[in-house]
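J.: Submitted below is the structure of interest, expressed as structure tokens.
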Amino acid sequence: MNKNLIGDAAQAPVLVVGAGIMGAGIAQVAAQAGHPVSLYDVRPGAAQDALAKLQISLAALVAKGKMPANAVADLLARITPVADLQAAARSSLVVEAIVENTEAKRALWQQLEAIVDADCVLASNTSSISITAMAQGLRYPGRLVGMHFFNPVPLMKLVEVVSGLHTAPQVADAVFALAQRWGKVAVHARSTPGFIVNRIARPYYAEALALLHERSTTPVVLDTCLKAIGFRMGPCELMDLIGHDTNFAVTQSVYQANFYDKRYVPSLLQRELVDGGLLGRKSGRGIYDYAEGAAKPQLAVAPTTDLPARSGVQLHGGGTRMDAWAQQLMAAGVAFSHDPQSDWTGLSTPTLQLRQTDGRTASSLGAEVAVFDMAFAPEGSRVLAWAPSVRASATCASEAHAWLAALGYQPQQVADQPALLVGRTVAMLINEAADAVLQGVCTIDGANQAMKLGVNYPAGPFDWLAAWSAQGVIDVLQALDTHYAGERYRVSPWLRQQAWGQLGGA
Ligand code: NAD
């Protein structure tokens, strides 16, 4: 394989095909690392336009003192717009960022194989097309690899290095090392639908849409509760930003590519948004309304109250949340007992069980029961979803609310469904990551890195698992499966293996 690419890469000539948003970013990053870069686009003038835009954005960085003027001049001098692919015949690496269409990409590779040397590496920035399928028909299919950047390319650290069945391991390793030299964090992925990030992220959107579809809660409650565990954006505002057309298309492609596996079934609610042109921010309305003067949805904020004066108060279970509650009760002078060995977590009084969700609904646990959502450290804000049993008396429900408010939360009442909002979403993200690892799509570390760097998750799925337990996640998924029945919540065999392993013994 290409010695320049594997060894002394800095001088290796790179050809970027497609001068759109991704191609321009890839050209910038390659040039910044010192490569001479040729930039080609089928649309005449597009490569020059991309370079002109880059000039403007880099000049702004110079003005802000974020980049020295001579470094910018050097970088720009390394990028040459070319009007003919033939001009880049000496390239060591071609990165393709053209339209997301298998036939167009295959045609490009076949055209390029007639131009570049036999050892030139061909890398595709596709988000969804199979690398195995794309390589079919190439003279040297082993040199084709996925090099999946994230938008905006200069800022996003992640590169998924995607291997298809044909990809030679040394090509994937060379591109992995190259991405690192370009200042990126590379992770290996096997070519399967959605690769790592676009696959593992599906439940973040899907569970939110399912909850909205059955009117369990409101978008603002959903978004706020997920931001409370560290997500920068809630699922509803994030889908509005991505655009429902794009988000729906990715979900559909993952669903179809998995032979219509019900786990990935798209949402009717989202389809309606797409069909109605309510695409999100870019169209002025999606889940939220962005029109000028539109009312901003607000959370209902309950006034803080004193802790209810009660006898017979007991705390159940251990962990940081119960430790904090114990401190608060003590500080407020409320007499209570604490059973850290209890098989549930929360607080009870003679008239109420207020339990942290373990997946079971409050209604399945009794009448005078309410459940509240899970927390994953750090508890970023105090917004907390909770639900009373459908058989709870009004007094019981208001007592549950009063306790949560007095303990410093902004309680948000939602419908009583398994694992509420955070527990359900995180369990499904872990489950999807577990299957990806089971199927050899990525490693545990690769999944964690990919989600933190590709979509800015506050933690990787296996970080959450480490703070929870495989059995705890299985319990939630099984409760969801019992509640909804179907294939969507089937437990990853990988999680079962982990749970068996944690049982210990022979
Ligand atoms: P874009 O529409 O901004 O740019 C595509 C460019 O390719 C256009 O300038 C177009 O003229 C050119 N082009 C189309 N067919 C061509 C051909 N046959 N030869 C040469 N040039 C051709 O698209 P984009 O958002 O930059 O996406 C490009 C690729 O990157 C797609 O495969 C997409 O799935 C992938 N991708 C996009 C994102 C993203 O967030 N936009 C993220 C990761 C990967």
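By order of appearance in the structure tokens: chains A, B, ..., then residues from 1 within every chain, and ligands from 1 in the order shown.
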Per residue of chain A within 8 Å of ligand 1, record the nearest atom pair and its distance in Å to one decimal, counting only C-alpha atoms and all ligand atoms, with rows in chain order and ascending residue number, as JSON lines.
T.:
{"residue": "A:Val17", "atom": "CA", "partner": "ligand 1", "partner_atom_place_in_ligand_line": "20 (C)", "distance": 5.4}
{"residue": "A:Gly18", "atom": "CA", "partner": "ligand 1", "partner_atom_place_in_ligand_line": "7 (O)", "distance": 3.7}
{"residue": "A:Ala19", "atom": "CA", "partner": "ligand 1", "partner_atom_place_in_ligand_line": "9 (O)", "distance": 4.7}
{"residue": "A:Gly20", "atom": "CA", "partner": "ligand 1", "partner_atom_place_in_ligand_line": "4 (O)", "distance": 3.2}
{"residue": "A:Ile21", "atom": "CA", "partner": "ligand 1", "partner_atom_place_in_ligand_line": "26 (O)", "distance": 3.9}
{"residue": "A:Met22", "atom": "CA", "partner": "ligand 1", "partner_atom_place_in_ligand_line": "26 (O)", "distance": 3.7}
{"residue": "A:Gly23", "atom": "CA", "partner": "ligand 1", "partner_atom_place_in_ligand_line": "26 (O)", "distance": 5.5}
{"residue": "A:Ala24", "atom": "CA", "partner": "ligand 1", "partner_atom_place_in_ligand_line": "26 (O)", "distance": 7.6}
{"residue": "A:Tyr40", "atom": "CA", "partner": "ligand 1", "partner_atom_place_in_ligand_line": "20 (C)", "distance": 6.3}
{"residue": "A:Asp41", "atom": "CA", "partner": "ligand 1", "partner_atom_place_in_ligand_line": "21 (N)", "distance": 3.8}
{"residue": "A:Val42", "atom": "CA", "partner": "ligand 1", "partner_atom_place_in_ligand_line": "20 (C)", "distance": 4.0}
{"residue": "A:Arg43", "atom": "CA", "partner": "ligand 1", "partner_atom_place_in_ligand_line": "11 (O)", "distance": 4.9}
{"residue": "A:Ala46", "atom": "CA", "partner": "ligand 1", "partner_atom_place_in_ligand_line": "9 (O)", "distance": 6.1}
{"residue": "A:Ala47", "atom": "CA", "partner": "ligand 1", "partner_atom_place_in_ligand_line": "9 (O)", "distance": 7.8}
{"residue": "A:Glu96", "atom": "CA", "partner": "ligand 1", "partner_atom_place_in_ligand_line": "29 (C)", "distance": 7.4}
{"residue": "A:Ala97", "atom": "CA", "partner": "ligand 1", "partner_atom_place_in_ligand_line": "29 (C)", "distance": 4.0}
{"residue": "A:Ile98", "atom": "CA", "partner": "ligand 1", "partner_atom_place_in_ligand_line": "7 (O)", "distance": 3.6}
{"residue": "A:Val99", "atom": "CA", "partner": "ligand 1", "partner_atom_place_in_ligand_line": "14 (C)", "distance": 4.5}
{"residue": "A:Glu100", "atom": "CA", "partner": "ligand 1", "partner_atom_place_in_ligand_line": "32 (O)", "distance": 3.9}
{"residue": "A:Asn101", "atom": "CA", "partner": "ligand 1", "partner_atom_place_in_ligand_line": "32 (O)", "distance": 7.2}
{"residue": "A:Ala104", "atom": "CA", "partner": "ligand 1", "partner_atom_place_in_ligand_line": "18 (N)", "distance": 5.6}
{"residue": "A:Lys105", "atom": "CA", "partner": "ligand 1", "partner_atom_place_in_ligand_line": "18 (N)", "distance": 6.8}
{"residue": "A:Ala107", "atom": "CA", "partner": "ligand 1", "partner_atom_place_in_ligand_line": "18 (N)", "distance": 7.6}
{"residue": "A:Leu108", "atom": "CA", "partner": "ligand 1", "partner_atom_place_in_ligand_line": "18 (N)", "distance": 6.0}
{"residue": "A:Ser124", "atom": "CA", "partner": "ligand 1", "partner_atom_place_in_ligand_line": "32 (O)", "distance": 7.5}
{"residue": "A:Asn125", "atom": "CA", "partner": "ligand 1", "partner_atom_place_in_ligand_line": "30 (O)", "distance": 5.1}
{"residue": "A:Thr126", "atom": "CA", "partner": "ligand 1", "partner_atom_place_in_ligand_line": "32 (O)", "distance": 3.9}
{"residue": "A:Ser127", "atom": "CA", "partner": "ligand 1", "partner_atom_place_in_ligand_line": "34 (O)", "distance": 4.5}
{"residue": "A:Ser128", "atom": "CA", "partner": "ligand 1", "partner_atom_place_in_ligand_line": "34 (O)", "distance": 6.6}
{"residue": "A:His148", "atom": "CA", "partner": "ligand 1", "partner_atom_place_in_ligand_line": "44 (C)", "distance": 6.0}
{"residue": "A:Phe149", "atom": "CA", "partner": "ligand 1", "partner_atom_place_in_ligand_line": "43 (C)", "distance": 5.4}
{"residue": "A:Phe150", "atom": "CA", "partner": "ligand 1", "partner_atom_place_in_ligand_line": "42 (C)", "distance": 4.9}
{"residue": "A:Asn151", "atom": "CA", "partner": "ligand 1", "partner_atom_place_in_ligand_line": "40 (O)", "distance": 4.7}
{"residue": "A:Pro152", "atom": "CA", "partner": "ligand 1", "partner_atom_place_in_ligand_line": "40 (O)", "distance": 7.3}
J.: Could you write out, as a PyMOL selection string, all the residues of range 127-336 of chain A that DSSP marks as helix (DSSP H, G or I)?
T.: chain A and resi 131-135+141-143+169-181+197-200+202-213+219-228+235-242+244-257+262-264+268-275+281-283+320-331
J.: Once DSSP has gone over the backbone, tell me which residues of range 29-170 of chain A are in strand (DSSP E or B), as a VMD selection string.
T.: chain A and resid 37 to 40 79 to 82 93 to 96 121 to 124 144 to 149 158 to 163
J.: Which distance in Å separates CA of Leu438 in chain A and CA of Met233 in chain A, to one decimal?
T.: 28.8 Å
J.: When you draw a straight line from CA of Glu214 in chain A to CA of Gly472 in chain A, how long is it in Å?
T.: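 Interatomic distance here is 24.8 Å.
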J.: I want to know what sits within 12 Å of Ala467 in chain A, based on only C-alpha atoms, with residues of the same chain fewer than 5 positions away left out; could you give that as a list in words?
T.: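 That gives Gly319, Thr320, Met374, Ala375, Phe376, Ala377, Pro378, Val426, Ala427, Ile430, Ala459, Gly460, Pro461, Phe462, Gly472 and Val473 of chain A.
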J.: Could you save those same residues with N, CA, C and O atoms as an mmCIF file, in the first residue's frame?
T.:
data_model
loop_
_atom_site.group_PDB
_atom_site.id
_atom_site.type_symbol
_atom_site.label_atom_id
_atom_site.label_comp_id
_atom_site.auth_asym_id
_atom_site.auth_seq_id
_atom_site.Cartn_x
_atom_site.Cartn_y
_atom_site.Cartn_z
ATOM 1 N N GLY A 319 -26.536 5.206 47.697
ATOM 2 C CA GLY A 319 -26.141 6.025 46.543
ATOM 3 C C GLY A 319 -26.130 7.496 46.884
ATOM 4 O O GLY A 319 -26.621 7.922 47.931
ATOM 5 N N THR A 320 -25.563 8.283 45.959
ATOM 6 C CA THR A 320 -25.346 9.700 46.261
ATOM 7 C C THR A 320 -26.670 10.456 46.441
ATOM 8 O O THR A 320 -26.760 11.362 47.270
ATOM 9 N N MET A 374 -34.446 8.639 36.889
ATOM 10 C CA MET A 374 -33.067 8.373 37.302
ATOM 11 C C MET A 374 -32.223 9.636 37.152
ATOM 12 O O MET A 374 -32.566 10.541 36.399
ATOM 13 N N ALA A 375 -31.103 9.621 37.841
ATOM 14 C CA ALA A 375 -30.128 10.718 37.671
ATOM 15 C C ALA A 375 -28.827 10.069 37.252
ATOM 16 O O ALA A 375 -28.532 8.949 37.655
ATOM 17 N N PHE A 376 -28.090 10.723 36.418
ATOM 18 C CA PHE A 376 -26.739 10.260 36.117
ATOM 19 C C PHE A 376 -25.816 11.406 36.463
ATOM 20 O O PHE A 376 -26.027 12.525 36.014
ATOM 21 N N ALA A 377 -24.825 11.108 37.288
ATOM 22 C CA ALA A 377 -23.944 12.176 37.765
ATOM 23 C C ALA A 377 -23.248 12.827 36.577
ATOM 24 O O ALA A 377 -22.899 12.129 35.640
ATOM 25 N N PRO A 378 -23.002 14.118 36.602
ATOM 26 C CA PRO A 378 -23.494 15.049 37.606
ATOM 27 C C PRO A 378 -24.935 15.479 37.311
ATOM 28 O O PRO A 378 -25.300 15.644 36.153
ATOM 29 N N VAL A 426 -31.670 6.504 28.308
ATOM 30 C CA VAL A 426 -30.301 6.032 28.542
ATOM 31 C C VAL A 426 -30.238 4.512 28.403
ATOM 32 O O VAL A 426 -29.280 3.970 27.825
ATOM 33 N N ALA A 427 -31.260 3.799 28.891
ATOM 34 C CA ALA A 427 -31.259 2.333 28.754
ATOM 35 C C ALA A 427 -31.220 1.941 27.277
ATOM 36 O O ALA A 427 -30.491 1.026 26.875
ATOM 37 N N ILE A 430 -27.749 2.597 25.770
ATOM 38 C CA ILE A 430 -26.809 1.550 26.200
ATOM 39 C C ILE A 430 -27.083 0.261 25.417
ATOM 40 O O ILE A 430 -26.158 -0.414 24.948
ATOM 41 N N ALA A 459 -21.540 11.769 28.239
ATOM 42 C CA ALA A 459 -20.831 10.556 28.661
ATOM 43 C C ALA A 459 -21.044 9.517 27.564
ATOM 44 O O ALA A 459 -21.973 9.634 26.759
ATOM 45 N N GLY A 460 -20.179 8.519 27.537
ATOM 46 C CA GLY A 460 -20.371 7.444 26.575
ATOM 47 C C GLY A 460 -21.391 6.444 27.118
ATOM 48 O O GLY A 460 -21.609 6.382 28.330
ATOM 49 N N PRO A 461 -22.007 5.653 26.240
ATOM 50 C CA PRO A 461 -23.017 4.690 26.722
ATOM 51 C C PRO A 461 -22.460 3.726 27.766
ATOM 52 O O PRO A 461 -23.166 3.339 28.700
ATOM 53 N N PHE A 462 -21.191 3.372 27.623
ATOM 54 C CA PHE A 462 -20.636 2.423 28.595
ATOM 55 C C PHE A 462 -20.185 3.131 29.875
ATOM 56 O O PHE A 462 -19.970 2.477 30.892
ATOM 57 N N GLY A 472 -29.692 -3.752 35.890
ATOM 58 C CA GLY A 472 -30.589 -2.595 35.997
ATOM 59 C C GLY A 472 -31.095 -2.173 34.620
ATOM 60 O O GLY A 472 -32.282 -1.864 34.449
ATOM 61 N N VAL A 473 -30.208 -2.170 33.633
ATOM 62 C CA VAL A 473 -30.614 -1.785 32.268
ATOM 63 C C VAL A 473 -31.574 -2.842 31.716
ATOM 64 O O VAL A 473 -32.607 -2.518 31.115
#
J.: Residues of range 190-246 of chain A within 8 Å of range 268-273 of chain A: nearest atom pair and distance (Å, one decimal) for each, counting only C-alpha atoms, sorted by chain and number, as CSV?
T.:
residue,atom,partner,partner_atom,distance
A:Leu209,CA,A:Leu269,CA,6.9
A:His213,CA,A:Leu269,CA,6.2
A:His244,CA,A:Gln270,CA,6.8
J.: Would you mind listing what lies within 8 Å of range 477-484 of chain A as JSON, numbers by chain, with only C-alpha atoms counted and same-chain residues fewer than 4 positions away left out?
T.: {"A": [359, 360, 417, 418, 419, 424, 427, 428, 473, 488, 489, 490, 491]}
J.: Of the candidates A:Gln170, A:Asn431, A:Gln413, A:Asn456, which one gets nearest to Ala302 in chain A if we count only C-alpha atoms?
T.: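 The shortest atom-to-atom distance to Ala302 in chain A comes from A:Gln413.
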J.: I want to know what sits within 7 Å of Ile79 in chain A, based on only C-alpha atoms, with residues of the same chain fewer than 6 positions away left out; could you give that as a list in words?
T.: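 Counting only C-alpha atoms, the residues come to Ala31, Pro36, Val37, Ser38 and Leu39 of chain A.
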J.: Determine, for each residue of range 137-161 of chain A having at least one atom at most 12 Å from an atom of range 190-200 of chain A, the closest pair of atoms and their separation in Å to one decimal, counting only C-alpha atoms; order by chain and ascending number, as CSV.
T.:
residue,atom,partner,partner_atom,distance
A:Leu144,CA,A:Ser191,CA,11.7
A:Val145,CA,A:Ser191,CA,9.3
A:Gly146,CA,A:Ser191,CA,8.1
A:Met147,CA,A:Phe195,CA,11.1
A:His148,CA,A:Phe195,CA,9.1
A:Phe149,CA,A:Val197,CA,11.0
A:Phe150,CA,A:Val197,CA,9.9
A:Leu158,CA,A:Val197,CA,9.9
A:Val159,CA,A:Val197,CA,10.3
A:Glu160,CA,A:Ile196,CA,7.6
A:Val161,CA,A:Arg190,CA,8.3
J.: Take the residues from that selection and write them out as a CSV table (one decimal), in the first residue's frame, keeping C-alpha atoms.
T.:
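Everything below was put into result.csv:
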chain,number,residue,atom,x,y,z
A,144,LEU,CA,-11.5,1.7,-0.3
A,145,VAL,CA,-12.3,2.8,3.2
A,146,GLY,CA,-14.8,5.0,5.0
A,147,MET,CA,-13.4,8.3,6.5
A,148,HIS,CA,-16.5,9.7,8.1
A,149,PHE,CA,-16.0,13.2,9.4
A,150,PHE,CA,-18.6,15.2,11.4
A,158,LEU,CA,-14.3,12.5,15.6
A,159,VAL,CA,-13.5,10.5,12.5
A,160,GLU,CA,-15.1,7.1,12.0
A,161,VAL,CA,-12.7,4.9,10.0
J.: Nearest to Tyr204 in chain A among A:Ser364, A:Arg106, A:Asp343, A:Leu429, with distances taken over only C-alpha atoms: which residue is it?
T.: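 Among the listed residues, A:Leu429 lies closest to Tyr204 in chain A.
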